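S.K.: There's a structure below that I have some questions on.
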Amino acid sequence: MLDKTNNEQPEILVGEDGKELGLSIRLACAVGQNRSLEFGLGVPLHWSEDRINAQVDKIIKVVERQAAKGDLLSIKGTLQTLEHQLETNRQQMRNHEANARNAWVDSKKHGDFKLTGQAATQMQNFENTERTQIEAIKKLREELKVVEERCR
């Protein structure tokens, strides 16, 4: 321990080989789903708490940026999946409507085409799914902007 009542320079402790003794600090974090990052920092025993904290803070900034890069990859992957699911849902909705129109014509119904019964319910389900997916995509794009900013 350093004697804080004494303003003199602290005694620097040395090992048998004549080298300064120090502290070893290890920091680890997850950066994305399948990656982790670990840093080691060696500091001399005579460093002040402020000086040690300054070095640890530098490493933490690096760790936070790397974690944001991992988040960025994850968000981009999720966004791509959601966009694909939205396109698939839209294609299924078009197919459903085309099949319903063909069934309308085949049944020789008169008047303008209108979805009814189970076909109308299924179309409503497609529309609800589309709205939910669009909202999720909007939120992910906003989150993507925030995370991209953290990566700079």
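In the structure tokens, chains take the letters A, B, ... in the order shown, each chain's residues start at 1, and ligands count up from 1 in the order shown.
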If you run DSSP over the backbone, which residues in stretch 12-140 of chain A end up strand (DSSP E)? Put them as a PyMOL selection string.
M.R.: chain A and resi 22-30+36-44
S.K.: Quick one: residues within 12 Å of A:Asn99, only C-alpha atoms counted, chain neighbours fewer than 4 positions away excluded, as a compact mmCIF listing (two decimals) with N, CA, C and O atoms, in the first residue's frame?
M.R.:
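Saved the output as result.txt:
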# COMPACT_ATOMS: atom_id res chain seq x y z
N GLN A 92 -46.32 -14.76 -50.73
CA GLN A 92 -47.41 -15.66 -50.32
C GLN A 92 -48.76 -14.93 -50.39
O GLN A 92 -49.77 -15.52 -50.77
N MET A 93 -48.78 -13.66 -50.04
CA MET A 93 -50.01 -12.87 -50.10
C MET A 93 -50.46 -12.73 -51.56
O MET A 93 -51.66 -12.89 -51.85
N ARG A 94 -49.52 -12.46 -52.47
CA ARG A 94 -49.89 -12.35 -53.89
C ARG A 94 -50.40 -13.69 -54.42
O ARG A 94 -51.39 -13.74 -55.16
N ASN A 95 -49.73 -14.77 -54.04
CA ASN A 95 -50.17 -16.10 -54.48
C ASN A 95 -51.56 -16.41 -53.94
O ASN A 95 -52.40 -16.97 -54.65
N ALA A 103 -60.14 -19.15 -58.09
CA ALA A 103 -61.26 -19.91 -57.52
C ALA A 103 -62.58 -19.17 -57.78
O ALA A 103 -63.61 -19.79 -58.05
N TRP A 104 -62.55 -17.85 -57.70
CA TRP A 104 -63.75 -17.02 -57.95
C TRP A 104 -64.20 -17.21 -59.40
O TRP A 104 -65.39 -17.42 -59.65
N VAL A 105 -63.25 -17.15 -60.33
CA VAL A 105 -63.58 -17.30 -61.75
C VAL A 105 -64.06 -18.73 -62.01
O VAL A 105 -65.06 -18.94 -62.73
N ASP A 106 -63.36 -19.72 -61.45
CA ASP A 106 -63.73 -21.12 -61.67
C ASP A 106 -65.12 -21.44 -61.13
O ASP A 106 -65.82 -22.29 -61.69
N PHE A 113 -64.74 -9.31 -57.83
CA PHE A 113 -64.05 -10.23 -56.95
C PHE A 113 -63.96 -9.65 -55.54
O PHE A 113 -63.69 -8.47 -55.34
N LEU A 115 -62.72 -11.12 -51.49
CA LEU A 115 -62.32 -12.20 -50.60
C LEU A 115 -63.37 -12.36 -49.51
O LEU A 115 -63.83 -11.37 -48.93
N ALA A 119 -60.64 -17.24 -46.89
CA ALA A 119 -59.68 -16.53 -47.75
C ALA A 119 -59.45 -15.11 -47.25
O ALA A 119 -58.33 -14.61 -47.26
N MET A 123 -55.97 -13.57 -45.75
CA MET A 123 -55.38 -12.34 -46.29
C MET A 123 -55.14 -11.34 -45.16
O MET A 123 -54.11 -10.66 -45.15
S.K.: Separation of atom CA of A:Glu49 and atom CA of A:Arg26, in Å?
M.R.: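 Atom CA of A:Arg26 lies 16.1 Å from atom CA of A:Glu49.
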S.K.: Could you pull the residues within 10 Å of stretch 54-57 of chain A, counting only C-alpha atoms, minus those fewer than 2 positions along the same chain, as a PDB file with N, CA and C atoms, in the first residue's frame?
M.R.:
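result12.pdb, freshly written:
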ATOM      1  N   ILE A  25      -3.600  -6.811 -15.095  1.00  0.00           N
ATOM      2  CA  ILE A  25      -5.051  -6.604 -15.143  1.00  0.00           C
ATOM      3  C   ILE A  25      -5.559  -7.259 -16.410  1.00  0.00           C
ATOM      4  N   ARG A  26      -6.604  -8.068 -16.288  1.00  0.00           N
ATOM      5  CA  ARG A  26      -7.190  -8.746 -17.454  1.00  0.00           C
ATOM      6  C   ARG A  26      -8.634  -8.328 -17.594  1.00  0.00           C
ATOM      7  N   LEU A  27      -9.008  -8.002 -18.825  1.00  0.00           N
ATOM      8  CA  LEU A  27     -10.387  -7.622 -19.150  1.00  0.00           C
ATOM      9  C   LEU A  27     -10.869  -8.514 -20.279  1.00  0.00           C
ATOM     10  N   PHE A  39      -8.134  -8.720 -23.061  1.00  0.00           N
ATOM     11  CA  PHE A  39      -6.972  -7.835 -23.010  1.00  0.00           C
ATOM     12  C   PHE A  39      -6.217  -8.074 -21.711  1.00  0.00           C
ATOM     13  N   GLY A  40      -4.929  -7.918 -21.784  1.00  0.00           N
ATOM     14  CA  GLY A  40      -4.093  -7.960 -20.593  1.00  0.00           C
ATOM     15  C   GLY A  40      -3.332  -6.646 -20.497  1.00  0.00           C
ATOM     16  N   LEU A  41      -3.233  -6.125 -19.313  1.00  0.00           N
ATOM     17  CA  LEU A  41      -2.546  -4.863 -19.082  1.00  0.00           C
ATOM     18  C   LEU A  41      -1.628  -5.038 -17.891  1.00  0.00           C
ATOM     19  N   GLY A  42      -0.386  -4.705 -18.089  1.00  0.00           N
ATOM     20  CA  GLY A  42       0.560  -4.755 -16.982  1.00  0.00           C
ATOM     21  C   GLY A  42       0.927  -3.339 -16.581  1.00  0.00           C
ATOM     22  N   VAL A  43       0.825  -3.033 -15.321  1.00  0.00           N
ATOM     23  CA  VAL A  43       1.171  -1.683 -14.843  1.00  0.00           C
ATOM     24  C   VAL A  43       2.117  -1.803 -13.648  1.00  0.00           C
ATOM     25  N   SER A  48      -0.157   5.513  -9.857  1.00  0.00           N
ATOM     26  CA  SER A  48      -1.282   5.966  -9.042  1.00  0.00           C
ATOM     27  C   SER A  48      -2.577   5.319  -9.550  1.00  0.00           C
ATOM     28  N   GLU A  49      -3.562   5.358  -8.695  1.00  0.00           N
ATOM     29  CA  GLU A  49      -4.871   4.822  -9.058  1.00  0.00           C
ATOM     30  C   GLU A  49      -5.423   5.533 -10.287  1.00  0.00           C
ATOM     31  N   ASP A  50      -5.250   6.848 -10.353  1.00  0.00           N
ATOM     32  CA  ASP A  50      -5.742   7.620 -11.500  1.00  0.00           C
ATOM     33  C   ASP A  50      -5.075   7.181 -12.797  1.00  0.00           C
ATOM     34  N   ARG A  51      -3.783   6.945 -12.729  1.00  0.00           N
ATOM     35  CA  ARG A  51      -3.049   6.542 -13.934  1.00  0.00           C
ATOM     36  C   ARG A  51      -3.481   5.145 -14.386  1.00  0.00           C
ATOM     37  N   ILE A  52      -3.672   4.253 -13.439  1.00  0.00           N
ATOM     38  CA  ILE A  52      -4.153   2.903 -13.778  1.00  0.00           C
ATOM     39  C   ILE A  52      -5.550   2.998 -14.383  1.00  0.00           C
ATOM     40  N   ILE A  59      -8.730   0.888 -22.541  1.00  0.00           N
ATOM     41  CA  ILE A  59      -9.041  -0.474 -22.987  1.00  0.00           C
ATOM     42  C   ILE A  59     -10.556  -0.683 -23.039  1.00  0.00           C
ATOM     43  N   ILE A  60     -11.273  -0.155 -22.066  1.00  0.00           N
ATOM     44  CA  ILE A  60     -12.732  -0.295 -22.038  1.00  0.00           C
ATOM     45  C   ILE A  60     -13.344   0.329 -23.290  1.00  0.00           C
ATOM     46  N   LYS A  61     -12.825   1.471 -23.730  1.00  0.00           N
ATOM     47  CA  LYS A  61     -13.335   2.105 -24.958  1.00  0.00           C
ATOM     48  C   LYS A  61     -13.144   1.189 -26.161  1.00  0.00           C
ATOM     49  N   VAL A  62     -11.982   0.541 -26.218  1.00  0.00           N
ATOM     50  CA  VAL A  62     -11.723  -0.396 -27.305  1.00  0.00           C
ATOM     51  C   VAL A  62     -12.695  -1.569 -27.221  1.00  0.00           C
ATOM     52  N   VAL A  63     -12.883  -2.096 -26.028  1.00  0.00           N
ATOM     53  CA  VAL A  63     -13.795  -3.225 -25.825  1.00  0.00           C
ATOM     54  C   VAL A  63     -15.222  -2.842 -26.235  1.00  0.00           C
TER      55      VAL A  63
END
S.K.: Calculate how many Å separate atom CA of A:Val146 from atom CA of A:Gln80, rounding to one decimal.
M.R.: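 Atom CA of A:Gln80 lies at a distance of 17.4 Å from atom CA of A:Val146.
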S.K.: Closest to A:Gln33 among A:Ser74, A:Asn53, A:Gln122, A:Gln66, using only C-alpha atoms?
M.R.: A:Ser74
S.K.: For A:Ala136, which residue out of A:Asp112, A:Glu148, A:Glu64, A:Glu83 is the nearest one, using only C-alpha atoms?
M.R.: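 Among the listed residues, the smallest separation from A:Ala136 belongs to A:Glu83.
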S.K.: Between atom CA of A:Lys76 and atom CA of A:Glu135, measure the distance and give it in Å to one decimal.
M.R.: 15.8 Å
